[in-house]
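Participant: Following this line is target_19.tsv, made up of TSV, C-alpha atoms:
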```
chain	number	residue	atom	x	y	z
A	1	MET	CA	97.10	90.62	102.07
A	2	GLY	CA	96.51	94.41	102.04
A	3	THR	CA	96.52	97.06	104.72
A	4	LYS	CA	92.79	96.57	105.33
A	5	HIS	CA	93.78	94.95	108.64
A	6	LEU	CA	95.09	98.21	110.09
A	7	PRO	CA	92.86	99.55	112.83
A	8	VAL	CA	91.28	102.94	112.28
A	9	LEU	CA	93.90	105.40	113.48
A	10	PRO	CA	93.14	108.98	114.43
A	11	PRO	CA	94.61	111.72	112.20
A	12	MET	CA	98.11	112.75	113.12
A	13	ARG	CA	99.39	116.30	113.03
A	14	CYS	CA	102.37	116.85	110.73
A	15	ASP	CA	104.25	120.08	110.15
A	16	ASP	CA	104.35	121.28	106.53
A	17	GLY	CA	107.64	120.38	104.93
A	18	CYS	CA	108.94	118.27	107.83
A	19	GLY	CA	109.62	114.87	106.22
A	20	ALA	CA	111.74	113.73	109.20
A	21	CYS	CA	110.02	110.32	109.21
A	22	CYS	CA	110.20	109.85	105.42
A	23	GLY	CA	112.58	106.99	104.93
A	24	PRO	CA	114.05	104.57	104.67
A	25	VAL	CA	110.75	102.70	104.68
A	26	PRO	CA	110.30	98.97	104.05
A	27	ALA	CA	107.62	97.98	101.57
A	28	THR	CA	106.17	94.64	100.53
A	29	LYS	CA	105.75	93.45	96.94
A	30	THR	CA	102.04	94.26	97.15
A	31	GLU	CA	102.73	97.76	98.43
A	32	LEU	CA	105.37	98.30	95.73
A	33	ALA	CA	102.91	97.21	93.02
A	34	ALA	CA	100.35	99.74	94.30
A	35	ILE	CA	103.02	102.45	94.46
A	36	ARG	CA	104.22	101.71	90.91
A	37	ALA	CA	100.68	101.87	89.55
A	38	TYR	CA	100.00	105.11	91.44
A	39	ILE	CA	103.16	106.90	90.28
A	40	LYS	CA	102.54	105.81	86.69
A	41	GLN	CA	98.94	107.03	86.81
A	42	HIS	CA	99.95	110.37	88.38
A	43	GLY	CA	103.19	110.96	86.46
A	44	ILE	CA	105.34	110.99	89.60
A	45	THR	CA	109.10	110.61	89.22
A	46	PRO	CA	110.99	109.33	92.28
A	47	ILE	CA	113.73	111.66	93.51
A	48	GLU	CA	117.03	110.08	94.63
A	49	GLN	CA	117.79	111.80	97.94
A	50	GLY	CA	119.91	109.53	100.09
A	51	LEU	CA	118.04	108.13	103.09
A	52	THR	CA	114.92	110.24	102.46
A	53	CYS	CA	112.04	108.49	100.71
A	54	PRO	CA	112.16	109.09	96.95
A	55	PHE	CA	108.48	110.05	97.05
A	56	TYR	CA	108.87	112.89	99.56
A	57	ASP	CA	108.84	116.04	97.46
A	58	GLY	CA	110.21	118.45	100.05
A	59	GLN	CA	106.75	119.43	101.25
A	60	ARG	CA	104.62	116.28	101.41
A	61	CYS	CA	104.31	112.60	100.58
A	62	GLY	CA	103.74	112.16	96.86
A	63	ILE	CA	102.23	108.69	97.32
A	64	TYR	CA	100.18	109.33	100.45
A	65	PRO	CA	97.07	107.36	99.36
A	66	VAL	CA	99.20	104.23	98.72
A	67	ARG	CA	101.97	104.73	101.28
A	68	PRO	CA	103.32	101.58	102.98
A	69	THR	CA	101.85	100.23	106.21
A	70	MET	CA	104.92	101.41	108.12
A	71	CYS	CA	104.11	104.99	107.11
A	72	LYS	CA	100.46	104.62	108.08
A	73	ALA	CA	101.43	103.40	111.54
A	74	PHE	CA	104.04	106.10	112.16
A	75	GLY	CA	103.32	108.19	115.24
A	76	HIS	CA	100.75	105.72	116.55
A	77	THR	CA	103.09	103.47	118.48
A	78	ALA	CA	106.03	103.89	120.84
A	79	GLU	CA	108.28	102.09	118.33
A	80	LEU	CA	107.58	104.71	115.65
A	81	ARG	CA	107.70	107.99	117.54
A	82	CYS	CA	107.37	111.36	115.87
A	83	MET	CA	110.43	113.43	116.70
A	84	HIS	CA	108.10	116.40	117.35
A	85	GLY	CA	105.93	114.43	119.77
A	86	TYR	CA	102.84	114.40	117.57
A	87	GLY	CA	100.49	111.46	117.25
A	88	ASP	CA	99.15	109.09	119.83
A	89	LYS	CA	100.21	105.71	121.05
A	90	THR	CA	96.96	103.79	120.53
A	91	LEU	CA	98.59	101.04	118.49
A	92	LYS	CA	100.47	98.59	120.72
A	93	ASP	CA	103.96	97.72	119.48
A	94	SER	CA	103.10	94.00	119.41
A	95	ARG	CA	100.03	94.79	117.25
A	96	LEU	CA	102.22	96.82	114.88
A	97	ARG	CA	104.65	93.92	114.49
A	98	ALA	CA	101.74	91.54	113.83
A	99	LEU	CA	100.27	93.92	111.24
A	100	LEU	CA	103.60	94.26	109.47
A	101	ARG	CA	104.08	90.47	109.41
A	102	ALA	CA	100.55	90.06	108.02
A	103	GLN	CA	101.42	92.31	105.08
A	104	GLY	CA	104.00	89.78	103.92
A	105	PRO	CA	107.78	89.92	103.74
A	106	GLN	CA	109.41	93.28	103.31
A	107	HIS	CA	110.77	93.38	99.80
A	108	GLN	CA	112.48	96.73	99.29
A	109	LEU	CA	113.31	99.96	101.10
A	110	LEU	CA	111.94	103.21	99.73
```
If you took the structure in this file and wrote it as structure tokens, what would it be?
Facilitator:
Amino acid sequence: MGTKHLPVLPPMRCDDGCGACCGPVPATKTELAAIRAYIKQHGITPIEQGLTCPFYDGQRCGIYPVRPTMCKAFGHTAELRCMHGYGDKTLKDSRLRALLRAQGPQHQLL
């Protein structure tokens, strides 16, 4: 099951080069397959950087179009608050948990 079940979320402001929310992020097998295909197609090499997502390049998300559901929901629920206070809280925490369960079991951390 894909992320098509996510509600339409309003855009969220992010500061250039922040990356504070970039990892560790759980991803499902389906999400990982999409990420692998995307990085192969775009010649992206993951960067080992401790607890920061290997696809954060110091300025932005290198896999933004195929980022995991957890990333898409960030800033839109009280459980996933932006440390700068950006975003909205339109997505109820129980809805977030249901959406994450619907994506399938978390397989790996990015």
Participant: Select, from A:Pro10, A:Pro26, A:Pro46, A:Pro105, the residue with the minimum atom-to-atom distance to Cys61 of chain A, counting only C-alpha atoms.
Facilitator: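 Among A:Pro10, A:Pro26, A:Pro46, A:Pro105, it is A:Pro46 that comes nearest to Cys61 of chain A.
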Participant: List the neighbours of Leu109 of chain A out to 12 Å using only C-alpha atoms; skip same-chain residues closer than 3 positions along the sequence, and give me the result as a ChimeraX atom specification.
Facilitator: /A:22-29,31-32,50-55,68,70,105-106
Participant: Considering only C-alpha atoms, return as a PyMOL selection string whatever protein or nucleic-acid residues lie within 9 Å of Leu91 of chain A, sequence-local ones (same chain, fewer than 6 positions apart) excluded.
Facilitator: chain A and resi 7+9+73+76-78
Participant: I'd like to know which of A:Glu79, A:Ile44, A:Gly85, A:Lys72 is closest to Val8 of chain A, using all atoms listed in the file.
Facilitator: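 Smallest distance to Val8 of chain A is found for A:Lys72.
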Participant: Quick check, in Å to one decimal: how far apart do atom CA of Arg97 of chain A and atom CA of Leu110 of chain A lie?
Facilitator: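 If I compute the distance from atom CA of Arg97 of chain A to atom CA of Leu110 of chain A, I get 18.9 Å.
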Participant: Pick out the closest residue to Cys71 of chain A from this set: A:Gly43, A:His107, A:Met12, A:Ala33. Count all atoms listed in the file.
Facilitator: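 Looking at the shortest contact to Cys71 of chain A, the residue is A:Met12.
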Participant: With 6 Å on each side, where is the centre of the axis-aligned box around all listed atoms of segment 41-50 of chain A, and how long are its edges in Å to one decimal, as lines of an AutoDock Vina configuration file?
Facilitator:
```
center_x = 109.4
center_y = 109.4
center_z = 93.3
size_x = 33.0
size_y = 16.8
size_z = 25.6
```
Participant: Atom CA of Gly62 of chain A to atom CA of Lys92 of chain A: how many Å, to one decimal?
Facilitator: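 Result for atom CA of Gly62 of chain A versus atom CA of Lys92 of chain A: 27.6 Å, one decimal.
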Participant: Would you mind reading off the distance between atom CA of Glu48 of chain A and atom CA of Thr69 of chain A, one decimal, in Å?
Facilitator: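 Straight-line distance from atom CA of Glu48 of chain A to atom CA of Thr69 of chain A works out to 21.5 Å.
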